[in-house]
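Structure file query_15.csv (CSV, C-alpha atoms) follows.
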chain,number,residue,atom,x,y,z
A,553,MET,CA,0.0,0.0,0.0
A,554,ARG,CA,1.3,3.5,-0.8
A,555,LEU,CA,0.3,6.5,1.2
A,556,VAL,CA,-0.1,9.5,-1.1
A,557,ARG,CA,-1.5,12.0,1.3
A,558,LYS,CA,-2.7,12.2,4.9
A,559,ASP,CA,-4.7,15.2,6.2
A,560,LEU,CA,-5.9,14.7,9.8
A,561,GLU,CA,-7.2,17.4,12.1
A,562,LYS,CA,-6.5,17.6,15.9
A,563,ASP,CA,-9.8,15.8,16.6
A,564,ASN,CA,-8.7,13.0,14.3
A,565,ALA,CA,-11.2,13.9,11.6
A,566,GLY,CA,-9.9,14.1,8.1
A,567,GLN,CA,-8.9,12.1,5.0
A,568,VAL,CA,-6.3,9.8,3.7
A,569,THR,CA,-5.3,9.1,0.0
A,570,LEU,CA,-4.0,5.6,-0.7
A,571,ILE,CA,-3.0,3.4,-3.6
A,572,PRO,CA,-3.4,-0.4,-3.0
A,573,GLU,CA,-0.5,-2.2,-4.8
A,574,GLU,CA,-0.9,-5.9,-3.9
A,575,PRO,CA,-4.0,-8.2,-3.5
A,576,GLU,CA,-3.4,-8.2,0.3
A,577,ASP,CA,-3.8,-4.4,0.3
A,578,MET,CA,-7.5,-4.9,-0.8
A,579,TRP,CA,-8.0,-6.8,2.5
A,580,HIS,CA,-6.4,-3.9,4.4
A,581,THR,CA,-8.7,-1.5,2.5
A,582,TYR,CA,-11.8,-3.6,3.5
A,583,ASN,CA,-10.8,-3.2,7.1
A,584,LEU,CA,-10.3,0.5,6.8
A,585,LEU,CA,-13.8,1.1,5.3
A,586,GLN,CA,-16.8,1.6,7.6
A,587,VAL,CA,-20.4,2.5,6.9
A,588,GLY,CA,-20.8,6.3,7.0
A,589,ASP,CA,-17.3,7.0,5.7
A,590,SER,CA,-16.9,9.1,2.5
A,591,LEU,CA,-15.0,7.4,-0.4
A,592,ARG,CA,-13.8,9.2,-3.4
A,593,ALA,CA,-12.5,7.1,-6.3
A,594,SER,CA,-12.5,6.8,-10.1
A,595,THR,CA,-15.3,4.6,-11.5
A,596,ILE,CA,-17.3,3.7,-14.6
A,597,ARG,CA,-20.9,4.8,-14.9
A,598,LYS,CA,-23.4,3.8,-17.6
A,599,VAL,CA,-24.9,7.1,-18.9
A,600,GLN,CA,-27.9,7.5,-21.2
A,601,THR,CA,-27.6,10.1,-23.9
A,602,GLU,CA,-30.2,11.6,-26.2
A,603,SER,CA,-29.2,12.6,-29.7
A,604,ALA,CA,-30.6,15.6,-31.7
A,605,THR,CA,-32.9,13.2,-33.5
A,606,GLY,CA,-34.4,12.0,-30.2
A,607,SER,CA,-32.9,8.5,-30.2
A,608,VAL,CA,-31.7,7.3,-26.9
A,609,GLY,CA,-28.4,5.5,-26.5
A,610,SER,CA,-26.1,4.5,-23.6
A,611,ASN,CA,-22.4,4.6,-23.2
A,612,ARG,CA,-20.0,4.0,-20.4
A,613,VAL,CA,-17.9,6.9,-19.0
A,614,ARG,CA,-15.1,7.1,-16.5
A,615,THR,CA,-15.8,9.6,-13.8
A,616,THR,CA,-14.7,10.4,-10.2
A,617,LEU,CA,-17.4,10.0,-7.6
A,618,THR,CA,-17.6,10.7,-3.8
A,619,LEU,CA,-19.9,8.3,-2.1
A,620,CYS,CA,-21.3,8.1,1.5
A,621,VAL,CA,-20.6,4.4,2.2
A,622,GLU,CA,-23.7,2.2,2.9
A,623,ALA,CA,-22.5,-1.3,2.1
A,624,ILE,CA,-19.1,-3.0,1.6
A,625,ASP,CA,-18.7,-6.4,-0.1
A,626,PHE,CA,-15.3,-8.2,-0.1
A,627,ASP,CA,-14.6,-11.3,-2.1
A,628,SER,CA,-11.6,-12.8,-0.4
A,629,GLN,CA,-10.9,-15.4,-3.1
A,630,ALA,CA,-10.7,-12.8,-6.0
A,631,CYS,CA,-9.5,-10.0,-3.6
A,632,GLN,CA,-12.2,-7.7,-5.1
A,633,LEU,CA,-13.9,-5.0,-3.1
A,634,ARG,CA,-17.2,-3.3,-4.0
A,635,VAL,CA,-18.5,-0.3,-2.1
A,636,LYS,CA,-22.1,0.8,-2.5
A,637,GLY,CA,-23.4,4.3,-1.5
A,638,THR,CA,-25.0,7.5,-2.4
A,639,ASN,CA,-23.4,10.3,-4.4
A,640,ILE,CA,-22.6,13.3,-2.1
A,641,GLN,CA,-20.8,15.6,-4.5
A,642,GLU,CA,-21.9,17.4,-7.7
A,643,ASN,CA,-21.1,15.4,-10.8
A,644,GLU,CA,-22.1,15.9,-14.4
A,645,TYR,CA,-23.2,12.2,-14.9
A,646,VAL,CA,-24.6,11.3,-11.5
A,647,LYS,CA,-27.3,13.2,-9.6
A,648,MET,CA,-26.8,14.0,-5.9
A,649,GLY,CA,-28.2,11.2,-3.7
A,650,ALA,CA,-28.1,8.6,-6.6
A,651,TYR,CA,-26.8,5.2,-5.7
A,652,HIS,CA,-23.7,3.8,-7.3
A,653,THR,CA,-21.2,0.9,-6.7
A,654,ILE,CA,-17.5,1.6,-6.9
A,655,GLU,CA,-15.2,-1.4,-7.5
A,656,LEU,CA,-11.9,-0.6,-5.9
A,657,GLU,CA,-8.9,-2.3,-7.6
A,658,PRO,CA,-5.1,-2.5,-7.2
A,659,ASN,CA,-3.0,0.4,-8.5
A,660,ARG,CA,-6.0,2.8,-8.5
A,661,GLN,CA,-6.0,5.7,-6.1
A,662,PHE,CA,-8.8,6.4,-3.6
A,663,THR,CA,-9.4,8.9,-0.9
A,664,LEU,CA,-11.2,7.9,2.3
A,665,ALA,CA,-12.6,10.5,4.8
A,666,LYS,CA,-13.8,9.8,8.3
A,667,LYS,CA,-15.2,11.8,11.1
A,668,GLN,CA,-13.0,9.9,13.5
A,669,TRP,CA,-9.8,8.0,12.7
A,670,ASP,CA,-9.2,5.7,15.7
A,671,SER,CA,-5.8,4.2,16.7
A,672,VAL,CA,-6.5,0.7,15.3
A,673,VAL,CA,-7.3,2.0,11.8
A,674,LEU,CA,-4.3,4.4,11.8
A,675,GLU,CA,-2.1,1.5,12.9
A,676,ARG,CA,-3.4,-0.7,10.1
A,677,ILE,CA,-2.5,2.1,7.5
A,678,GLU,CA,1.0,2.4,9.1
A,679,GLN,CA,1.5,-1.4,8.8
A,680,ALA,CA,0.1,-1.7,5.3
A,681,CYS,CA,2.3,1.2,4.0
A,682,ASP,CA,5.5,0.2,5.9
A,683,PRO,CA,7.4,-2.6,4.0
A,684,ALA,CA,9.1,-3.5,7.3
A,685,TRP,CA,5.7,-4.9,8.6
A,686,SER,CA,5.5,-7.4,5.9
A,687,ALA,CA,9.2,-8.4,6.2
A,688,ASP,CA,9.2,-11.7,8.0
A,689,VAL,CA,12.9,-12.2,7.3
A,690,ALA,CA,15.9,-10.0,8.1
A,691,ALA,CA,19.5,-10.7,7.0
A,692,VAL,CA,23.0,-9.6,7.9
A,693,VAL,CA,25.4,-10.3,5.0
A,694,MET,CA,28.9,-9.7,6.1
A,695,GLN,CA,32.6,-10.2,5.7
A,696,GLU,CA,35.5,-8.6,7.6
A,697,GLY,CA,34.9,-4.8,7.6
A,698,LEU,CA,31.7,-4.8,5.5
A,699,ALA,CA,28.1,-5.7,6.4
A,700,HIS,CA,24.6,-5.1,5.0
A,701,VAL,CA,21.6,-5.3,7.2
A,702,CYS,CA,18.5,-6.1,5.0
A,703,LEU,CA,14.8,-6.7,5.3
A,704,VAL,CA,13.3,-9.3,3.0
A,705,THR,CA,9.6,-8.7,2.1
A,706,PRO,CA,7.5,-11.0,-0.2
A,707,SER,CA,8.3,-8.7,-3.2
A,708,MET,CA,11.7,-7.0,-2.5
A,709,THR,CA,14.9,-6.8,-0.4
A,710,LEU,CA,15.5,-3.5,1.4
A,711,THR,CA,18.9,-2.5,2.6
A,712,ARG,CA,18.4,-0.7,5.9
A,713,ALA,CA,22.1,-0.2,6.9
A,714,LYS,CA,25.6,-0.6,5.4
A,715,VAL,CA,28.5,-0.8,7.9
A,716,GLU,CA,32.0,-0.3,6.6
A,717,VAL,CA,35.1,-0.3,8.9
A,718,ASN,CA,38.7,-0.4,7.8
A,719,ILE,CA,40.3,-3.5,9.4
A,720,PRO,CA,44.1,-3.4,9.5
A,721,ARG,CA,45.9,-6.7,8.7
A,722,LYS,CA,47.3,-8.9,11.4
A,723,ARG,CA,51.0,-8.3,12.0
A,724,LYS,CA,53.4,-10.7,13.5
A,725,GLY,CA,53.5,-10.4,17.2
A,726,ASN,CA,50.9,-7.5,17.2
A,727,CYS,CA,47.2,-8.2,16.5
A,728,SER,CA,45.8,-5.6,18.9
A,729,GLN,CA,45.0,-3.0,16.1
A,730,HIS,CA,43.2,-5.7,14.0
A,731,ASP,CA,41.2,-7.0,17.0
A,732,ARG,CA,40.2,-3.5,18.2
A,733,ALA,CA,39.0,-2.6,14.7
A,734,LEU,CA,37.1,-5.9,14.4
A,735,GLU,CA,35.4,-5.3,17.7
A,736,ARG,CA,34.4,-1.8,16.6
A,737,PHE,CA,33.0,-3.2,13.4
A,738,TYR,CA,31.0,-5.9,15.3
A,739,GLU,CA,29.6,-3.3,17.7
A,740,GLN,CA,28.4,-1.1,14.8
A,741,VAL,CA,26.6,-4.1,13.2
A,742,VAL,CA,24.9,-5.0,16.5
A,743,GLN,CA,23.7,-1.4,16.8
A,744,ALA,CA,22.3,-1.5,13.2
A,745,ILE,CA,20.5,-4.8,14.0
A,746,GLN,CA,18.8,-3.3,17.0
A,747,ARG,CA,17.9,-0.1,15.2
A,748,HIS,CA,16.5,-1.6,12.0
A,749,ILE,CA,15.0,-5.0,12.8
A,750,ASN,CA,11.6,-5.2,14.4
A,751,PHE,CA,11.7,-8.5,16.3
A,752,ASP,CA,7.9,-8.4,16.8
A,753,VAL,CA,7.5,-9.0,13.1
A,754,VAL,CA,10.7,-10.7,12.0
A,755,LYS,CA,10.7,-14.4,12.7
A,756,CYS,CA,14.2,-15.2,11.4
A,757,VAL,CA,17.5,-13.3,11.1
A,758,LEU,CA,20.0,-14.8,8.7
A,759,VAL,CA,23.7,-14.1,9.5
A,760,ALA,CA,25.6,-14.9,6.3
A,761,SER,CA,29.3,-14.7,5.6
A,762,PRO,CA,32.3,-16.5,4.1
A,763,GLY,CA,34.7,-18.3,6.5
A,764,PHE,CA,34.2,-18.0,10.3
A,765,VAL,CA,33.1,-14.3,10.4
A,766,ARG,CA,29.4,-15.2,11.2
A,767,GLU,CA,30.4,-17.5,14.1
A,768,GLN,CA,32.8,-14.9,15.6
A,769,PHE,CA,30.2,-12.1,15.2
A,770,CYS,CA,27.4,-14.1,16.8
A,771,ASP,CA,29.7,-15.1,19.7
A,772,TYR,CA,30.6,-11.5,20.2
A,773,MET,CA,27.0,-10.3,20.0
A,774,PHE,CA,25.6,-12.7,22.5
A,775,GLN,CA,28.6,-12.3,24.9
A,776,GLN,CA,28.0,-8.5,24.9
A,777,ALA,CA,24.2,-9.1,25.3
A,778,VAL,CA,24.8,-11.2,28.4
A,779,LYS,CA,27.3,-8.6,29.8
A,780,THR,CA,24.9,-5.7,29.2
A,781,ASP,CA,21.7,-7.7,30.0
A,782,ASN,CA,20.3,-6.9,26.6
A,783,LYS,CA,16.9,-8.6,26.8
A,784,LEU,CA,15.9,-7.8,23.2
A,785,LEU,CA,18.8,-9.9,21.8
A,786,LEU,CA,18.8,-12.6,24.4
A,787,GLU,CA,15.0,-13.2,24.1
A,788,ASN,CA,15.3,-13.4,20.3
A,789,ARG,CA,18.5,-15.5,20.2
A,790,SER,CA,16.6,-18.5,18.6
A,791,LYS,CA,15.7,-16.4,15.6
A,792,PHE,CA,19.3,-16.0,14.5
A,793,LEU,CA,20.4,-18.6,11.8
A,794,GLN,CA,24.0,-18.8,10.5
A,795,VAL,CA,24.5,-19.6,6.8
A,796,HIS,CA,27.3,-19.5,4.3
A,797,SER,CA,27.6,-16.7,1.7
A,798,SER,CA,30.5,-16.0,-0.7
A,799,SER,CA,30.9,-12.3,0.4
A,800,GLY,CA,29.4,-9.5,2.5
A,801,HIS,CA,27.8,-7.8,-0.5
A,802,LYS,CA,24.1,-7.6,-0.9
A,803,TYR,CA,23.9,-9.9,-4.0
A,804,ALA,CA,25.3,-12.7,-1.8
A,805,LEU,CA,22.0,-12.8,0.1
A,806,LYS,CA,20.4,-14.8,-2.8
A,807,GLU,CA,22.8,-17.8,-2.0
A,808,ALA,CA,21.8,-17.6,1.7
A,809,LEU,CA,18.1,-17.6,0.9
A,810,CYS,CA,18.5,-20.7,-1.3
A,811,ASP,CA,20.1,-22.7,1.6
A,812,PRO,CA,17.8,-25.7,2.3
A,813,THR,CA,18.0,-25.1,6.1
A,814,VAL,CA,16.8,-21.6,5.5
A,815,THR,CA,13.9,-22.5,3.2
A,816,SER,CA,12.6,-25.1,5.7
A,817,ARG,CA,12.9,-22.5,8.5
A,818,LEU,CA,10.9,-19.9,6.5
A,819,SER,CA,8.1,-22.2,5.5
A,820,ASP,CA,5.9,-21.0,8.3
A,821,THR,CA,4.2,-17.6,7.9
A,822,LYS,CA,3.2,-14.7,10.0
A,823,ALA,CA,0.0,-16.6,10.8
A,824,ALA,CA,2.2,-19.0,12.9
A,825,GLY,CA,2.5,-16.3,15.5
A,826,GLU,CA,-1.3,-16.2,15.8
A,827,VAL,CA,-1.5,-20.0,16.0
A,828,LYS,CA,1.0,-20.0,18.9
A,829,ALA,CA,-0.7,-17.3,20.8
A,830,LEU,CA,-4.1,-19.1,20.5
A,831,ASP,CA,-2.4,-22.4,21.5
A,832,ASP,CA,-0.9,-20.6,24.6
A,833,PHE,CA,-4.4,-19.4,25.5
A,834,TYR,CA,-5.9,-22.9,25.3
A,835,LYS,CA,-3.1,-24.4,27.4
A,836,MET,CA,-3.6,-21.6,30.0
A,837,LEU,CA,-7.4,-22.3,30.0
A,838,GLN,CA,-6.7,-25.9,30.6
A,839,HIS,CA,-4.0,-25.7,33.3
A,840,GLU,CA,-4.6,-22.3,34.9
A,841,PRO,CA,-8.2,-21.3,34.1
A,842,ASP,CA,-7.9,-18.3,36.5
A,843,ARG,CA,-5.4,-16.7,34.1
A,844,ALA,CA,-7.4,-17.2,30.8
A,845,PHE,CA,-10.6,-15.3,30.0
A,846,TYR,CA,-12.7,-14.7,26.9
A,847,GLY,CA,-15.8,-12.6,26.2
A,848,LEU,CA,-15.8,-8.8,26.2
A,849,LYS,CA,-17.1,-8.2,29.8
A,850,HIS,CA,-14.7,-10.6,31.4
A,851,VAL,CA,-11.7,-9.3,29.4
A,852,GLU,CA,-12.7,-5.6,30.2
A,853,LYS,CA,-12.8,-6.5,34.0
A,854,ALA,CA,-9.4,-8.1,33.7
A,855,ASN,CA,-8.1,-5.0,32.0
A,856,GLU,CA,-9.5,-2.8,34.8
A,857,ALA,CA,-7.3,-4.9,37.2
A,858,MET,CA,-4.3,-4.2,34.8
A,859,ALA,CA,-3.9,-8.0,34.6
A,860,ILE,CA,-3.8,-8.6,30.8
A,861,ASP,CA,-0.4,-9.8,29.5
A,862,THR,CA,-1.6,-10.8,26.0
A,863,LEU,CA,-4.9,-9.6,24.3
A,864,LEU,CA,-6.2,-11.7,21.4
A,865,ILE,CA,-8.7,-9.9,19.3
A,866,SER,CA,-10.2,-10.5,15.9
A,867,ASP,CA,-10.1,-7.8,13.2
A,868,GLU,CA,-13.7,-8.6,12.5
A,869,LEU,CA,-14.8,-6.7,15.7
A,870,PHE,CA,-13.4,-3.4,14.3
A,871,ARG,CA,-15.8,-3.7,11.4
A,872,HIS,CA,-18.8,-3.7,13.7
A,873,GLN,CA,-21.7,-1.5,12.4
A,874,ASP,CA,-22.4,0.1,15.7
A,875,VAL,CA,-19.9,3.0,16.3
A,876,ALA,CA,-20.1,2.8,20.1
A,877,THR,CA,-19.3,-1.0,20.1
A,878,ARG,CA,-16.4,-0.4,17.7
A,879,ALA,CA,-15.1,2.4,19.9
A,880,ARG,CA,-15.3,0.0,22.9
A,881,TYR,CA,-13.0,-2.5,21.3
A,882,VAL,CA,-10.6,0.3,20.2
A,883,LYS,CA,-10.5,1.6,23.8
A,884,LEU,CA,-9.7,-1.9,25.1
A,885,VAL,CA,-6.8,-2.3,22.7
A,886,ASP,CA,-5.4,1.2,23.6
A,887,SER,CA,-5.8,0.5,27.3
A,888,VAL,CA,-4.0,-2.9,27.2
A,889,ARG,CA,-1.1,-1.3,25.3
A,890,GLU,CA,-0.9,1.6,27.9
A,891,ASN,CA,-0.6,-1.1,30.6
A,892,MET,CA,2.4,-2.6,28.8
A,893,GLY,CA,0.4,-5.6,27.5
A,894,THR,CA,0.8,-7.3,24.1
A,895,VAL,CA,-2.0,-7.0,21.6
A,896,ARG,CA,-2.4,-9.5,18.8
A,897,ILE,CA,-5.0,-8.6,16.2
A,898,PHE,CA,-6.0,-11.8,14.4
A,899,SER,CA,-7.0,-11.9,10.7
A,900,SER,CA,-10.5,-13.4,10.4
A,901,LEU,CA,-9.2,-14.9,7.1
A,902,HIS,CA,-6.9,-17.2,8.9
A,903,VAL,CA,-7.9,-20.5,10.6
A,904,SER,CA,-6.7,-19.1,14.0
A,905,GLY,CA,-8.9,-16.0,13.5
A,906,GLU,CA,-11.9,-18.2,12.8
A,907,GLN,CA,-11.2,-20.2,16.0
A,908,LEU,CA,-10.9,-17.0,18.0
A,909,GLY,CA,-14.2,-15.9,16.5
A,910,GLN,CA,-15.9,-19.0,18.1
A,911,LEU,CA,-14.6,-17.7,21.4
A,912,THR,CA,-16.5,-14.3,21.0
A,913,GLY,CA,-13.5,-12.8,19.1
A,914,VAL,CA,-11.8,-11.5,22.2
A,915,ALA,CA,-9.7,-13.4,24.7
A,916,ALA,CA,-6.9,-12.6,27.2
A,917,ILE,CA,-4.0,-14.3,28.9
A,918,LEU,CA,-3.5,-12.7,32.3
A,919,ARG,CA,-0.3,-11.9,34.2
A,920,PHE,CA,-1.8,-13.1,37.4
A,921,PRO,CA,-5.1,-14.8,38.5
A,922,VAL,CA,-8.0,-12.4,39.1
A,923,ALA,CA,-10.1,-14.1,41.8
A,924,GLU,CA,-13.1,-11.8,41.5
A,925,LEU,CA,-13.6,-12.8,37.9
A,926,SER,CA,-13.5,-16.5,38.7
A,927,ASP,CA,-16.0,-15.9,41.5
A,928,GLN,CA,-18.3,-14.1,39.1
A,929,GLU,CA,-18.1,-17.0,36.7
A,930,ASP,CA,-18.9,-19.5,39.4
A,931,GLU,CA,-21.9,-17.4,40.6
A,932,SER,CA,-23.3,-17.0,37.0
A,933,SER,CA,-23.0,-20.8,36.4
A,934,SER,CA,-24.7,-21.6,39.7
A,935,GLU,CA,-27.5,-19.2,38.8
A,936,GLU,CA,-28.0,-20.9,35.5
A,937,ASP,CA,-28.2,-24.3,37.4

Would you write the structure of this file as structure tokens?
Amino acid sequence: MRLVRKDLEKDNAGQVTLIPEEPEDMWHTYNLLQVGDSLRASTIRKVQTESATGSVGSNRVRTTLTLCVEAIDFDSQACQLRVKGTNIQENEYVKMGAYHTIELEPNRQFTLAKKQWDSVVLERIEQACDPAWSADVAAVVMQEGLAHVCLVTPSMTLTRAKVEVNIPRKRKGNCSQHDRALERFYEQVVQAIQRHINFDVVKCVLVASPGFVREQFCDYMFQQAVKTDNKLLLENRSKFLQVHSSSGHKYALKEALCDPTVTSRLSDTKAAGEVKALDDFYKMLQHEPDRAFYGLKHVEKANEAMAIDTLLISDELFRHQDVATRARYVKLVDSVRENMGTVRIFSSLHVSGEQLGQLTGVAAILRFPVAELSDQEDESSSEED
């Protein structure tokens, strides 16, 4: 998705102009659209014309319309999105208030205006427009004195940092200059990794080099992480995968990605993270039911006690027709994040999202048991009996 223009007021009213570039962007667009929004896009309209002789004919013309959205239809198989609504801006072919259906398609610009842009919708735009959010794989291609830190998206490889340090040759009886320069080089590469790799998204970091450079670098990085208690690197240690490459230049990344150990490691997708989170929830429900709750009321109560460690919520809930209900879900997400909890927004197109939908679409793993909630559950079940 490409962001062309964003005009938001202080009260978060305003409009955004976007160009969807991939089929997946149509799914993001479907999640951005809500009934009552204003959509401006190019469309084709059948227009009846009357000639001087009185004969009536019809032809199709391309025009730009602004609709007040009334119905949204998304075909997930074909990735087609149709938006029906009434015309709210003067147009030579379409009367004010007349109905029309716009079919949004890839590589065609549209402008979406809302009275209130909430945090979940803005976050979705940010993720859809930032290639880093679709980059499941990061790579560090290196040789002594040269390293490239890259992000690998489904469609391209982005170089986020290039580190070059002059490494003096080893001299007989004096290696200190060489070792100091090498350490400085490794330190700069570690800083580039921390600055440019989003470990919430990236599931694998390839470290590729000729010779033993990758082993020496990884040893240095994790020794320093232990010394400085760098939790980010230590918690994500299992994501680092060492592979051979012929050099530290960017083109050598292709060799690393073709390595059979890498291809098997990358066979899972982003959805694997959602599957694991749901699996953790079910395990918690089985072994420590006091720390696993689902249903909006119970989850909100747990949030009031600042007990939520991970919130699992379906993106379907943010498409709710009732504005107040939708705002309630957005408020819950914002509040959990403020309380330093993790929020996982599940795609209702994935199997895990469908399973979560069967559990009301909202669930939470708690940091600690909340006894009052368990008591409420017991009381409600005894009342039902």

Q. Which value, in Å to one decimal, gives the distance between atom CA of A:Asp861 and atom CA of A:Asp842?
A. 13.3 Å

Q) Any idea what the distance is between atom CA of A:Lys755 and atom CA of A:Leu785? A) 13.0 Å

Q: Rank nothing, just name the residue among A:Lys783, A:Lys883, A:Arg766, A:Arg634 nearest to A:Ser797, using all atoms listed in the file.
A: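 The shortest atom-to-atom distance to A:Ser797 comes from A:Arg766.
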
(Q) Excluding stretch 798-805 of chain A and its own-chain neighbours fewer than 6 positions away, which residues fall within 12 Å of it when counting all atoms listed in the file? Please give them as a ChimeraX atom specification. (A) /A:689-704,709-716,757-766,811,814

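Put simply, atom CA of A:Ala829 is 24.3 Å away from atom CA of A:Gln746.
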
Might I get the box with edges along x, y and z of the file that holds all atoms of stretch 631-648 of chain A listed there, padded by 6 Å on every side, given as centre and edge lengths in Å to one decimal, as AutoDock Vina command-line options?
--center_x -18.4 --center_y 3.7 --center_z -8.2 --size_x 29.8 --size_y 39.4 --size_z 25.4

Q.
When you count all atoms listed in the file, which of these residues is closest to A:Ile654: A:Ile745, A:Leu786, A:Leu674, A:Ile624?
A. A:Ile624

Q: Pick out the residues sitting within 9 Å of A:Cys756, and hand them over as a list in words; count only C-alpha atoms, and ignore anything fewer than 5 positions along from it in its own chain.
A: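 Answer for this query is Asp688, Val689, Ala690, Ala691, Phe751, Ser790, Lys791, Phe792, Leu793, Arg817 and Leu818 of chain A.
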
(Q) With distances taken over only C-alpha atoms, which residue among A:Pro841, A:Gly566, A:Pro812, A:Pro575 lies nearest A:Glu657? (A) A:Pro575

Q: Please identify all polymer residues within 9 Å of A:Tyr645, counting all atoms listed in the file, omitting same-chain residues fewer than 4 positions from it, and present them as JSON, numbers by chain.
A: {"A": [597, 598, 599, 613, 615]}

Q. Skipping near chain neighbours, those fewer than 5 positions away, what residues fall within 9 Å of A:Asn855 using all atoms listed in the file, listed as number ranges by chain?
A. A: 850, 860, 884, 887-888, 891, 918

**Q.** Which of A:Met578, A:Val621, A:Met648, A:Ala593 sits closest to A:Leu633 [using all atoms listed in the file]
**A.** A:Met578

Q: Have a look at A:Ala857, A:Cys620, A:Ala744, A:Leu585 and name the one nearest to A:Asn639; count all atoms listed in the file.
A: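 Selected residue with least distance to A:Asn639: A:Cys620.
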
**Q.** Shortest interatomic distance to A:Tyr651 - which of A:Leu617, A:Leu664, A:Leu864, A:Ile719, counting all atoms listed in the file
**A.**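 Among A:Leu617, A:Leu664, A:Leu864, A:Ile719, it is A:Leu617 that comes nearest to A:Tyr651.
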
Q: May I have the residues at most 9 Å from (-3.9, -14.4, 37.6) in the file's coordinates, counting only C-alpha atoms, as a PyMOL selection string?
A: chain A and resi 840-844+859-860+917-923

Reconstructed stretch 572-589 of chain A, atom set N, CA and C atoms, as a compact mmCIF listing (two decimals), keeping the file's coordinate frame:
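Final output, saved to out35.txt:
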# COMPACT_ATOMS: atom_id res chain seq x y z
N PRO A 572 -3.65 1.01 -3.30
CA PRO A 572 -3.40 -0.40 -3.00
C PRO A 572 -2.49 -0.97 -4.14
N GLU A 573 -1.41 -1.69 -3.76
CA GLU A 573 -0.50 -2.20 -4.80
C GLU A 573 -0.50 -3.70 -4.94
N GLU A 574 -0.95 -4.42 -3.90
CA GLU A 574 -0.90 -5.90 -3.90
C GLU A 574 -2.34 -6.40 -3.56
N PRO A 575 -2.66 -7.66 -3.90
CA PRO A 575 -4.00 -8.20 -3.50
C PRO A 575 -4.24 -8.09 -2.01
N GLU A 576 -3.19 -8.28 -1.20
CA GLU A 576 -3.40 -8.20 0.30
C GLU A 576 -3.83 -6.81 0.71
N ASP A 577 -3.44 -5.78 -0.07
CA ASP A 577 -3.80 -4.40 0.30
C ASP A 577 -5.34 -4.22 0.17
N MET A 578 -6.02 -5.04 -0.66
CA MET A 578 -7.50 -4.90 -0.80
C MET A 578 -8.13 -5.38 0.57
N TRP A 579 -7.48 -6.35 1.23
CA TRP A 579 -8.00 -6.80 2.50
C TRP A 579 -7.78 -5.69 3.58
N HIS A 580 -6.63 -5.01 3.53
CA HIS A 580 -6.40 -3.90 4.40
C HIS A 580 -7.45 -2.78 4.18
N THR A 581 -7.73 -2.52 2.90
CA THR A 581 -8.70 -1.50 2.50
C THR A 581 -10.09 -1.83 3.09
N TYR A 582 -10.47 -3.12 2.95
CA TYR A 582 -11.80 -3.60 3.50
C TYR A 582 -11.87 -3.31 4.98
N ASN A 583 -10.75 -3.48 5.70
CA ASN A 583 -10.80 -3.20 7.10
C ASN A 583 -10.74 -1.75 7.50
N LEU A 584 -10.32 -0.91 6.55
CA LEU A 584 -10.30 0.50 6.80
C LEU A 584 -11.71 1.15 6.61
N LEU A 585 -12.47 0.56 5.66
CA LEU A 585 -13.80 1.10 5.30
C LEU A 585 -14.84 0.82 6.35
N GLN A 586 -15.66 1.83 6.65
CA GLN A 586 -16.80 1.60 7.60
C GLN A 586 -18.00 2.38 7.00
N VAL A 587 -19.18 1.87 7.32
CA VAL A 587 -20.40 2.50 6.90
C VAL A 587 -20.45 3.95 7.44
N GLY A 588 -20.80 4.92 6.58
CA GLY A 588 -20.80 6.30 7.00
C GLY A 588 -19.60 7.08 6.58
N ASP A 589 -18.55 6.37 6.16
CA ASP A 589 -17.30 7.00 5.70
C ASP A 589 -17.63 7.66 4.29
